[in-house]
Each structure stands twice: as C-alpha cells, then as structure tokens.
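*Asks:* Pasting structure-v1.cif below, which is mmCIF, C-alpha atoms and all ligand atoms.
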```cif
data_run
#
loop_
_atom_site.label_atom_id
_atom_site.label_comp_id
_atom_site.auth_asym_id
_atom_site.auth_seq_id
_atom_site.Cartn_x
_atom_site.Cartn_y
_atom_site.Cartn_z
CA MET A 22 0.00 0.00 0.00
CA SER A 23 1.35 3.43 -0.87
CA ARG A 24 1.48 6.32 1.61
CA ASN A 25 2.49 9.94 1.80
CA LEU A 26 5.43 11.45 3.66
CA VAL A 27 4.22 14.92 4.53
CA ALA A 28 5.56 15.57 8.03
CA ILE A 29 7.79 14.05 10.68
CA ARG A 30 5.30 15.16 13.31
CA HIS A 31 2.86 12.41 12.30
CA LEU A 32 5.37 9.57 12.11
CA GLU A 33 5.81 6.96 14.80
CA GLU A 34 9.26 6.48 16.25
CA LYS A 35 9.37 2.95 14.80
CA THR A 36 8.74 4.28 11.28
CA ILE A 37 11.54 6.82 11.72
CA THR A 38 14.05 4.22 12.90
CA ASP A 39 12.98 1.85 10.08
CA LEU A 40 13.53 4.60 7.50
CA LEU A 41 16.94 5.43 8.99
CA GLY A 42 17.90 1.75 8.99
CA MET A 43 16.86 1.36 5.35
CA ALA A 44 18.81 4.50 4.42
CA ALA A 45 21.95 3.20 6.14
CA SER A 46 21.74 -0.12 4.29
CA TYR A 47 21.19 1.59 0.93
CA LYS A 48 24.26 3.69 1.63
CA GLU A 49 26.27 0.56 2.34
CA VAL A 50 25.15 -1.07 -0.91
CA ILE A 51 25.94 1.99 -3.04
CA ASP A 52 29.24 2.67 -1.22
CA SER A 53 30.30 -0.91 -1.93
CA GLY A 54 30.37 0.06 -5.60
CA GLU A 55 26.89 -0.97 -6.83
CA ARG A 56 25.16 1.46 -9.17
CA LYS A 57 21.64 0.35 -8.27
CA VAL A 58 19.61 -1.43 -5.63
CA ASP A 59 17.04 -4.00 -6.65
CA VAL A 60 13.57 -2.68 -5.87
CA PRO A 61 10.34 -2.46 -7.92
CA THR A 62 10.62 0.51 -10.28
CA HIS A 63 8.20 3.40 -10.65
CA SER A 64 7.69 6.60 -12.60
CA LEU A 65 8.21 9.64 -10.44
CA GLY A 66 7.50 13.34 -10.89
CA LEU A 67 9.87 15.80 -9.23
CA LEU A 68 7.75 18.91 -8.77
CA PHE A 69 9.69 21.94 -7.64
CA PHE A 70 7.54 25.05 -7.41
CA GLU A 71 10.32 26.70 -5.37
CA ASN A 72 14.05 26.83 -6.05
CA SER A 73 16.25 23.98 -4.92
CA THR A 74 19.76 22.65 -5.41
CA ARG A 75 20.42 19.99 -2.76
CA THR A 76 16.92 18.58 -2.49
CA ARG A 77 16.26 18.31 -6.22
CA VAL A 78 19.62 16.74 -7.06
CA SER A 79 19.48 14.36 -4.09
CA PHE A 80 16.06 13.11 -5.24
CA GLU A 81 17.39 12.68 -8.80
CA MET A 82 20.34 10.68 -7.47
CA ALA A 83 18.01 8.62 -5.26
CA ALA A 84 15.76 7.88 -8.26
CA ASN A 85 18.84 6.86 -10.30
CA TYR A 86 20.06 4.46 -7.63
CA LEU A 87 16.56 2.96 -7.36
CA GLY A 88 16.25 2.57 -11.13
CA TYR A 89 13.13 4.76 -11.29
CA ASP A 90 12.08 6.81 -14.32
CA PHE A 91 11.62 10.41 -13.35
CA VAL A 92 10.53 13.68 -14.88
CA ASN A 93 11.31 17.17 -13.62
CA PHE A 94 8.60 19.75 -13.40
CA SER A 95 8.77 23.35 -12.22
CA GLY A 96 5.89 25.82 -12.01
CA SER A 97 7.56 28.50 -14.14
CA GLY A 98 8.08 26.52 -17.36
CA SER A 99 4.61 24.93 -17.22
CA SER A 100 0.97 25.75 -17.87
CA MET A 101 0.77 27.02 -14.30
CA SER A 102 2.33 30.19 -15.66
CA LYS A 103 -0.78 30.37 -17.92
CA GLY A 104 -2.97 30.21 -14.82
CA GLU A 105 -3.63 26.48 -14.52
CA SER A 106 -4.52 25.57 -10.95
CA LEU A 107 -2.57 23.19 -8.72
CA LYS A 108 -5.54 20.83 -8.80
CA ASP A 109 -5.68 20.66 -12.61
CA THR A 110 -1.91 20.34 -12.80
CA LEU A 111 -1.97 17.36 -10.45
CA LEU A 112 -4.84 15.71 -12.29
CA THR A 113 -2.91 16.15 -15.54
CA LEU A 114 0.21 14.56 -14.07
CA ARG A 115 -1.85 11.65 -12.79
CA TYR A 116 -3.18 10.96 -16.28
CA GLU A 117 0.34 11.31 -17.69
CA ARG A 118 0.88 8.12 -15.73
CA LEU A 119 3.20 9.39 -13.05
CA GLU A 120 2.94 6.98 -10.16
CA GLY A 121 4.37 9.13 -7.36
CA LEU A 122 5.34 12.73 -6.70
CA VAL A 123 8.05 14.57 -4.82
CA MET A 124 6.82 18.08 -4.22
CA ARG A 125 8.27 21.37 -2.99
CA HIS A 126 5.93 24.31 -2.66
CA ARG A 127 6.04 27.71 -1.04
CA SER A 128 2.66 27.17 0.63
CA SER A 129 2.49 25.19 3.85
CA GLY A 130 0.08 22.31 3.35
CA ALA A 131 0.35 22.09 -0.46
CA PRO A 132 1.67 18.48 -0.52
CA ALA A 133 -1.12 17.37 1.85
CA LEU A 134 -3.66 19.05 -0.44
CA ALA A 135 -2.08 17.41 -3.46
CA GLY A 136 -2.85 14.04 -1.90
CA GLN A 137 -6.55 14.71 -2.58
CA TYR A 138 -6.06 14.91 -6.34
CA PHE A 139 -3.27 12.48 -6.95
CA ASP A 140 -3.57 8.74 -6.54
CA GLY A 141 -0.02 7.68 -5.70
CA PRO A 142 2.39 8.55 -2.90
CA ILE A 143 3.49 12.13 -2.31
CA ILE A 144 6.71 13.10 -0.58
CA ASN A 145 7.01 16.59 0.83
CA ALA A 146 10.32 18.13 -0.25
CA GLY A 147 9.65 21.28 1.79
CA ASP A 148 6.35 23.17 2.10
CA GLY A 149 6.45 26.81 3.14
CA GLN A 150 7.27 27.16 6.82
CA HIS A 151 5.75 23.81 7.69
CA GLU A 152 8.01 20.77 7.30
CA HIS A 153 10.91 19.30 5.35
CA PRO A 154 10.85 15.66 6.46
CA THR A 155 13.64 14.25 4.28
CA GLN A 156 16.05 16.97 5.44
CA ALA A 157 15.42 15.94 9.05
CA LEU A 158 15.86 12.24 8.24
CA GLY A 159 19.20 13.00 6.56
CA ASP A 160 20.29 15.09 9.55
CA ALA A 161 19.32 12.34 11.99
CA LEU A 162 21.28 9.79 9.93
CA THR A 163 24.30 12.12 9.99
CA ILE A 164 24.22 12.39 13.79
CA LEU A 165 23.74 8.63 14.17
CA GLU A 166 26.76 7.94 11.95
CA ARG A 167 28.94 10.21 14.09
CA ARG A 168 27.58 9.44 17.55
CA GLY A 169 25.66 6.14 17.35
CA ASP A 170 22.65 7.43 19.28
CA ILE A 171 20.42 10.51 19.55
CA GLN A 172 18.77 9.59 22.85
CA GLY A 173 19.72 12.07 25.59
CA MET A 174 21.56 14.50 23.29
CA LYS A 175 21.16 18.25 23.64
CA ILE A 176 20.34 19.70 20.24
CA ALA A 177 20.25 23.47 19.76
CA ILE A 178 18.46 24.77 16.65
CA VAL A 179 19.73 28.31 16.15
CA GLY A 180 18.53 31.31 14.15
CA ASP A 181 15.52 31.92 11.97
CA VAL A 182 13.23 29.33 13.55
CA GLN A 183 10.08 31.19 12.57
CA HIS A 184 10.56 30.75 8.81
CA SER A 185 12.25 27.36 8.90
CA ARG A 186 10.57 24.12 7.89
CA VAL A 187 13.95 22.47 8.60
CA ALA A 188 13.69 23.60 12.24
CA ARG A 189 10.21 22.13 12.63
CA SER A 190 11.00 18.75 11.06
CA ASN A 191 14.27 18.47 12.95
CA ALA A 192 12.68 19.42 16.27
CA TRP A 193 10.13 16.64 15.83
CA ILE A 194 12.57 13.98 14.72
CA MET A 195 15.13 14.73 17.45
CA HIS A 196 12.40 14.90 20.11
CA LYS A 197 10.89 11.59 18.96
CA LEU A 198 14.34 10.00 19.04
CA GLY A 199 14.82 11.12 22.65
CA ALA A 200 16.89 14.31 22.39
CA GLU A 201 16.41 17.54 24.34
CA VAL A 202 15.59 20.23 21.77
CA ARG A 203 16.33 23.92 22.24
CA PHE A 204 15.30 26.74 19.93
CA VAL A 205 17.69 29.67 20.03
CA GLY A 206 17.26 33.01 18.27
CA PRO A 207 15.97 36.57 18.45
CA ARG A 208 12.37 37.11 19.52
CA THR A 209 11.42 38.42 16.08
CA LEU A 210 12.53 35.16 14.45
CA MET A 211 10.83 32.86 16.96
CA PRO A 212 7.29 31.59 16.26
CA SER A 213 4.75 33.48 18.35
CA ASN A 214 3.33 30.25 19.70
CA THR A 215 6.15 27.86 20.55
CA SER A 216 4.02 25.79 22.92
CA MET A 217 3.07 23.53 20.00
CA MET A 218 6.73 22.77 19.30
CA PRO A 219 8.75 20.17 21.18
CA GLY A 220 11.52 22.20 22.79
CA SER A 221 12.47 25.10 25.04
CA VAL A 222 13.18 28.61 23.82
CA TYR A 223 16.32 30.71 24.41
CA TYR A 224 16.88 34.24 23.21
CA ASP A 225 20.53 34.35 24.18
CA LEU A 226 22.94 32.36 22.01
CA LEU A 227 25.46 31.33 24.66
CA SER A 228 22.86 30.12 27.16
CA GLY A 229 21.01 28.31 24.36
CA ILE A 230 24.02 26.37 23.13
CA GLU A 231 25.58 25.79 26.53
CA GLY A 232 26.65 22.15 26.72
CA ALA A 233 24.91 21.36 23.41
CA ASP A 234 26.03 18.18 21.61
CA VAL A 235 24.70 19.43 18.28
CA VAL A 236 24.48 23.05 17.15
CA MET A 237 22.26 23.26 14.10
CA THR A 238 22.22 26.72 12.61
CA LEU A 239 19.68 27.92 10.05
CA ARG A 240 19.77 30.20 7.05
CA LEU A 241 18.28 33.65 7.53
CA GLN A 242 15.35 33.18 5.15
CA LYS A 243 14.97 36.71 3.86
CA GLU A 244 12.57 35.67 1.11
CA ARG A 245 10.00 34.73 3.76
CA MET A 246 10.53 37.73 6.02
CA THR A 247 8.53 40.89 6.22
CA ASP A 248 10.58 44.05 6.67
CA GLY A 249 11.63 45.15 10.12
CA LEU A 250 12.29 41.77 11.74
CA LEU A 251 16.00 42.48 12.04
CA SER A 252 17.67 45.80 12.67
CA SER A 253 20.68 44.74 10.60
CA ILE A 254 22.34 41.60 9.28
CA GLY A 255 25.57 42.73 10.96
CA GLU A 256 23.91 42.90 14.35
CA TYR A 257 22.30 39.49 13.84
CA ALA A 258 25.72 38.05 12.97
CA ARG A 259 27.28 39.63 16.06
CA LEU A 260 24.65 38.12 18.34
CA TYR A 261 23.87 34.75 16.74
CA GLN A 262 26.69 33.70 14.42
CA ILE A 263 28.13 30.23 15.02
CA ASN A 264 31.89 30.68 15.14
CA GLU A 265 34.72 29.24 17.27
CA ARG A 266 34.19 31.86 19.95
CA ALA A 267 30.50 30.97 20.39
CA LEU A 268 31.21 27.25 20.25
CA LYS A 269 33.27 27.48 23.44
CA ALA A 270 29.88 27.38 25.22
CA ALA A 271 28.84 24.10 23.54
CA ALA A 272 30.08 20.61 24.41
CA LYS A 273 33.78 20.14 23.59
CA ASP A 274 33.10 17.77 20.71
CA ALA A 275 29.85 19.43 19.56
CA LEU A 276 28.78 18.76 15.98
CA VAL A 277 27.84 21.73 13.81
CA MET A 278 25.11 21.36 11.20
CA HIS A 279 23.50 23.60 8.59
CA PRO A 280 20.93 22.49 5.99
CA GLY A 281 22.30 24.82 3.31
CA PRO A 282 22.31 27.07 1.40
CA LEU A 283 24.79 28.94 3.63
CA ASN A 284 25.01 32.66 4.17
CA ARG A 285 28.71 32.57 5.04
CA GLY A 286 29.68 35.30 7.46
CA VAL A 287 26.09 35.68 8.68
CA GLU A 288 24.72 32.64 10.55
CA ILE A 289 28.02 30.74 10.36
CA ASP A 290 31.61 31.74 9.63
CA ASP A 291 34.00 30.04 7.21
CA GLU A 292 36.24 28.58 9.88
CA VAL A 293 33.42 26.58 11.45
CA ALA A 294 31.58 25.77 8.20
CA ASP A 295 34.74 24.21 6.75
CA GLY A 296 36.21 22.99 10.05
CA PRO A 297 36.42 19.55 11.66
CA ARG A 298 33.15 19.80 13.66
CA SER A 299 31.13 20.62 10.56
CA CYS A 300 28.81 17.87 9.26
CA ILE A 301 27.56 19.91 6.32
CA THR A 302 28.99 17.73 3.53
CA ASP A 303 27.68 14.53 5.18
CA GLN A 304 24.27 16.13 5.55
CA ILE A 305 24.24 16.67 1.78
CA THR A 306 25.29 13.12 0.90
CA ASN A 307 22.96 11.45 3.38
CA ARG A 308 19.96 13.12 1.79
CA ILE A 309 20.33 10.77 -1.18
CA PHE A 310 19.98 7.67 0.98
CA VAL A 311 17.11 8.86 3.15
CA ASN A 312 15.34 9.90 -0.05
CA MET A 313 15.77 6.36 -1.38
CA ALA A 314 14.34 4.93 1.83
CA SER A 315 11.46 7.43 1.81
CA LEU A 316 10.57 6.61 -1.79
CA VAL A 317 10.60 2.84 -1.27
CA TRP A 318 8.56 3.24 1.92
CA ALA A 319 6.09 5.62 0.28
CA PHE A 320 5.54 3.27 -2.64
CA GLY A 321 4.92 0.50 -0.11
CA ASP A 322 7.71 -1.68 -1.50
CA GLY A 323 9.45 -2.18 1.87
CA GLY A 324 12.08 -4.76 2.61
CA LYS A 325 15.83 -4.82 2.86
CA PRO A 326 17.81 -3.82 -0.21
CA LYS A 327 19.13 -6.52 -2.48
CA LEU A 328 21.94 -6.09 -4.97
CA ALA A 329 20.73 -5.45 -8.51
C1 LIG B 1 16.33 24.29 3.10
C2 LIG B 1 14.94 24.52 2.55
O1 LIG B 1 14.76 24.76 1.37
O2 LIG B 1 14.05 24.38 3.35
N1 LIG B 1 17.24 23.88 2.17
C3 LIG B 1 17.37 22.55 1.94
O3 LIG B 1 16.48 21.90 1.45
N2 LIG B 1 18.52 22.00 2.33
C4 LIG B 1 16.78 25.34 4.00
C5 LIG B 1 16.80 26.76 3.52
O4 LIG B 1 16.30 27.09 2.45
O5 LIG B 1 17.33 27.57 4.27
#
```
Take the structure in the file and give it back as structure tokens.
Ligand code: NCD

*Replies:*
Amino acid sequence: MSRNLVAIRHLEEKTITDLLGMAASYKEVIDSGERKVDVPTHSLGLLFFENSTRTRVSFEMAANYLGYDFVNFSGSGSSMSKGESLKDTLLTLRYERLEGLVMRHRSSGAPALAGQYFDGPIINAGDGQHEHPTQALGDALTILERRGDIQGMKIAIVGDVQHSRVARSNAWIMHKLGAEVRFVGPRTLMPSNTSMMPGSVYYDLLSGIEGADVVMTLRLQKERMTDGLLSSIGEYARLYQINERALKAAAKDALVMHPGPLNRGVEIDDEVADGPRSCITDQITNRIFVNMASLVWAFGDGGKPKLA
C-alpha cells in the first residue's frame, strides 16, 4: 500500500528508525560500488515550485540508484504560468501516468492538499514554513553515523526558527528519538506560539548552546521575512553567528550542522563551516539515501535492499 510522507510530526518512532535503517543499508550497498539497488521501479515526478539545489539533485540521485524513471517539473516553465490551478496540474500529471510525486511548494500544506487529487504517494520536499521531512531524516542519519545514538543528546536549533521548515522537522525527529531540543534566536525570528513545538526557547545564544552536543544553525530566510524583523544583518551576525568563539559554550566535541544554502559570514563563519566539527557535507550526501528509503517506503515496497 502506498502512503504519503508529509511531516515528521505524524510519524511513529518505529517508522523513523525503520527509515533510517533502510537508508543506512542503501548507503552501504551503493558505497560498496553498486550502481543500483534491486527494488520495484516506478515513474516519479519531481515537482519543484520553489528553487532547490540539494533537495532536487538528491532526489534525482536517489531515483537513479533505485532505477526509477523520473521527470522534472517546475511551475515556471509549465501551464501554471498560464494560470492552470494546482488541482488541474496534479490531475494532468496523474493521467500522464506518473505513479508518485516529490513536491516542494512555497505554501504550507500544499503536498497534503495534493494528496486529494493524486492517486499515488506524495513526498514533501519542503512546504512553506511547515516541514521538510527528508532533510530531518538526513540530519538524523548524519548524527547517528557520528555518535551512534540521539537519545539524551542536547540539540540546539539556532537562528531563523520562525521561517524554517527544517527547524520544525528536525525538532520533531530529534524529540521523537529522545533528544532535548532547544530553539535559540531573536524574539522576532521565533514563532509566536512555541508551545506547539517540542523544545524550550532561548533568546541568548550562549545560554542556548551551553553544553549542546549538536548546534544546528539555520539560514536567515529573507525571502519569507517581512521588513523590520531584524535591525541589521551585521547585528544578527554579532549576536547569533556560530563561530569558534560561540562554540566554546557548547560541548567540547559538539557537531555543527547547517541544511544549506549557507550565508557565510552571517549565521556561520568560514572557519566553522569548513572545520572539523562541521557535518555539512555529510548532511548533503545522506539526503540521497534517506530519499531512497522514503521513496521505497512511500511506494509500499518495503524490505531490505538486495543487490541489482
Ligand atoms: C532548506 C529549505 O529549502 O528548506 N534547504 C534545503 O532543502 N537543504 C533550507 C533553507 O532554504 O534555508
């Protein structure tokens, strides 16, 4: 049976650990030199109504390793620019015989809505300020590879929490896997109602990252901001930038993460981004394997990977 992957919030812990286990075994198969894993194939639409580098390419690589056929679709080059609705676009794609969709959209809730018009599985590749489940799965896999366990870790999510779907998905996944989650950032970039989110709030960087095992910093998402939320980028950087000086407050061996794209010199400096604590390149690579696991799970194909 096929299913949608719209949000981490609605997943059971067992599903999350199964997905992470599948991703780790796909990584092992591909890293051993195989070009493909042996799973039932499908035709997949990659629908990106918002810009993307990492997410789009990692889904293309995942589809390649799974042996799927895929087509790319973006709002701007399509009939949506002639005014076609999302509903009619999805119905069209369904009758073009696409069996599943990966979808990024600037509106929160768009992938869930799409599920009403499209028959096959839908994977959310980031919807507005809501969730970005495959980013969080890739980040969890990255921490597990480095530390073996997430249970009991202190994870500080720093910066523009208000506009970040990465923050929401990561908060849920880390909380469900037993971590203590902290949100750290200026008041103007913190959601007005944080009681619905699994974590405590800090407005001061050093107290927020004190003793943290993972410091996950976020891009300042200017495209989603209204004017006046920040007095200046320079002041934000002075108060919230993750650099070696700030990291003295975190655990000695703290991992530093960032989902990308990076504003170097704003939320993170070069020394830390390119330094030994940084997990940024692993975060990118691991997306491929969690995407593979998510696709196989969403299509209901299950099972351990076999060599092709
Ligand atoms: C993120 C996104 O688009 O939500 N990027 C990504 O997928 N790695 C984060 C961001 O845009 O800041």

*Asks:* What does the distance between CA of Met82 (chain A) and CA of Gly169 (chain A) come to in Å, to one decimal place?

*Replies:* 25.8 Å

*Asks:* Using all atoms listed in the file, which protein or nucleic acid residues come within 6 Å of Ile289 (chain A)? Drop anything in the same chain fewer than 2 positions from it, and give the result as a ChimeraX atom specification.

*Replies:* /A:262-263,285-287

*Asks:* Residues near Glu265 (chain A), anyone? I mean within 12 Å using only C-alpha atoms, not counting same-chain ones fewer than 4 positions away, as an NGL selection string.

*Replies:* :A and (236 or 269-271 or 273 or 275 or 277 or 289-299)

*Asks:* To one decimal place, how far is CA of Ser97 (chain A) from CA of Glu81 (chain A) in Å?

*Replies:*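 Atom-to-atom, CA of Ser97 (chain A) to CA of Glu81 (chain A), that is 19.4 Å.
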
*Asks:* Which residue is closest to Ala28 (chain A)? Choose from A:Ser46, A:Gln172, A:Ser106, A:Asn145 and count all atoms listed in the file.

*Replies:*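 Under the stated criterion, the closest residue is A:Asn145.
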
*Asks:* How many Å separate CA of Gly88 (chain A) from CA of Thr62 (chain A)?

*Replies:* 6.1 Å

*Asks:* Residues within 12 Å of Lys108 (chain A), please, as a PyMOL selection string. Count all atoms listed in the file; anything in the same chain fewer than 5 positions from it doesn't count.

*Replies:* chain A and resi 101+113-115+131-132+134-139

*Asks:* Find the spatial neighbours of Glu117 (chain A), counting only C-alpha atoms, within a cut-off of 12 Å - ignore same-chain residues fewer than 3 positions away - and output them as an MDAnalysis selection string.

*Replies:* chainID A and resid 64:66 92 110:114 120:121 139

*Asks:* Given the selection you just returned, output its residues as a file containing C-alpha atoms, formatted as a PDB file, in the frame of the given file.

*Replies:*
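Writing the result to again29.pdb gives the following:
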```pdb
ATOM      1  CA  SER A  64       7.690   6.600 -12.600  1.00  0.00           C
ATOM      2  CA  LEU A  65       8.210   9.640 -10.440  1.00  0.00           C
ATOM      3  CA  GLY A  66       7.500  13.340 -10.890  1.00  0.00           C
ATOM      4  CA  VAL A  92      10.530  13.680 -14.880  1.00  0.00           C
ATOM      5  CA  THR A 110      -1.910  20.340 -12.800  1.00  0.00           C
ATOM      6  CA  LEU A 111      -1.970  17.360 -10.450  1.00  0.00           C
ATOM      7  CA  LEU A 112      -4.840  15.710 -12.290  1.00  0.00           C
ATOM      8  CA  THR A 113      -2.910  16.150 -15.540  1.00  0.00           C
ATOM      9  CA  LEU A 114       0.210  14.560 -14.070  1.00  0.00           C
ATOM     10  CA  GLU A 120       2.940   6.980 -10.160  1.00  0.00           C
ATOM     11  CA  GLY A 121       4.370   9.130  -7.360  1.00  0.00           C
ATOM     12  CA  PHE A 139      -3.270  12.480  -6.950  1.00  0.00           C
TER      13      PHE A 139
END
```

*Asks:* List every residue of chain A that has an atom at most 7 Å from any atom of ligand LIG 1 (chain B), and for each one report the closest atom pair and its distance in Å to one decimal, counting all atoms listed in the file, with rows sorted by chain and then by increasing residue number, as a tab-separated table.

*Replies:*
```
residue	atom	partner	partner_atom	distance
A:Ser73	CA	B:LIG1	O1	6.5
A:Arg75	CA	B:LIG1	N2	5.8
A:Thr76	CA	B:LIG1	O3	5.2
A:Gly147	CA	B:LIG1	O2	5.6
A:His153	CA	B:LIG1	O2	6.3
A:Gln156	CA	B:LIG1	O3	6.4
A:Ser185	CA	B:LIG1	O2	6.6
A:Arg186	CA	B:LIG1	O2	5.7
A:Val187	CA	B:LIG1	O2	5.6
A:Leu239	CA	B:LIG1	O5	6.2
A:Arg240	CA	B:LIG1	O5	4.5
A:Leu241	CA	B:LIG1	O5	7.0
A:Gln242	CA	B:LIG1	O5	6.0
A:Pro280	CA	B:LIG1	N2	4.4
A:Gly281	CA	B:LIG1	N2	4.8
A:Pro282	CA	B:LIG1	O5	5.8
```

*Asks:* Counting all atoms listed in the file, which of A:Arg203, A:His151, A:His196, A:Lys103 gets nearest to His126 (chain A)?

*Replies:*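 Checking each of A:Arg203, A:His151, A:His196, A:Lys103 against His126 (chain A), counting all atoms listed in the file, the winner is A:His151.
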
*Asks:* Nearest to Asp140 (chain A) among A:Leu316, A:Met278, A:Ser99, A:Leu119, with distances taken over all atoms listed in the file: which residue is it?

*Replies:*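 Distance minimum relative to Asp140 (chain A) lands on A:Leu119.
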
*Asks:* Pull out region 119-135 of chain A, keep C-alpha atoms, and write it as a PDB file, in the first residue's frame.

*Replies:*
```
ATOM      1  CA  LEU A 119       3.204   9.388 -13.052  1.00  0.00           C
ATOM      2  CA  GLU A 120       2.936   6.980 -10.156  1.00  0.00           C
ATOM      3  CA  GLY A 121       4.370   9.128  -7.364  1.00  0.00           C
ATOM      4  CA  LEU A 122       5.342  12.731  -6.701  1.00  0.00           C
ATOM      5  CA  VAL A 123       8.052  14.570  -4.820  1.00  0.00           C
ATOM      6  CA  MET A 124       6.817  18.081  -4.217  1.00  0.00           C
ATOM      7  CA  ARG A 125       8.271  21.368  -2.988  1.00  0.00           C
ATOM      8  CA  HIS A 126       5.928  24.308  -2.665  1.00  0.00           C
ATOM      9  CA  ARG A 127       6.037  27.709  -1.041  1.00  0.00           C
ATOM     10  CA  SER A 128       2.657  27.167   0.629  1.00  0.00           C
ATOM     11  CA  SER A 129       2.495  25.189   3.854  1.00  0.00           C
ATOM     12  CA  GLY A 130       0.082  22.306   3.349  1.00  0.00           C
ATOM     13  CA  ALA A 131       0.352  22.087  -0.459  1.00  0.00           C
ATOM     14  CA  PRO A 132       1.673  18.483  -0.515  1.00  0.00           C
ATOM     15  CA  ALA A 133      -1.118  17.369   1.849  1.00  0.00           C
ATOM     16  CA  LEU A 134      -3.663  19.047  -0.438  1.00  0.00           C
ATOM     17  CA  ALA A 135      -2.081  17.411  -3.462  1.00  0.00           C
TER      18      ALA A 135
END
```
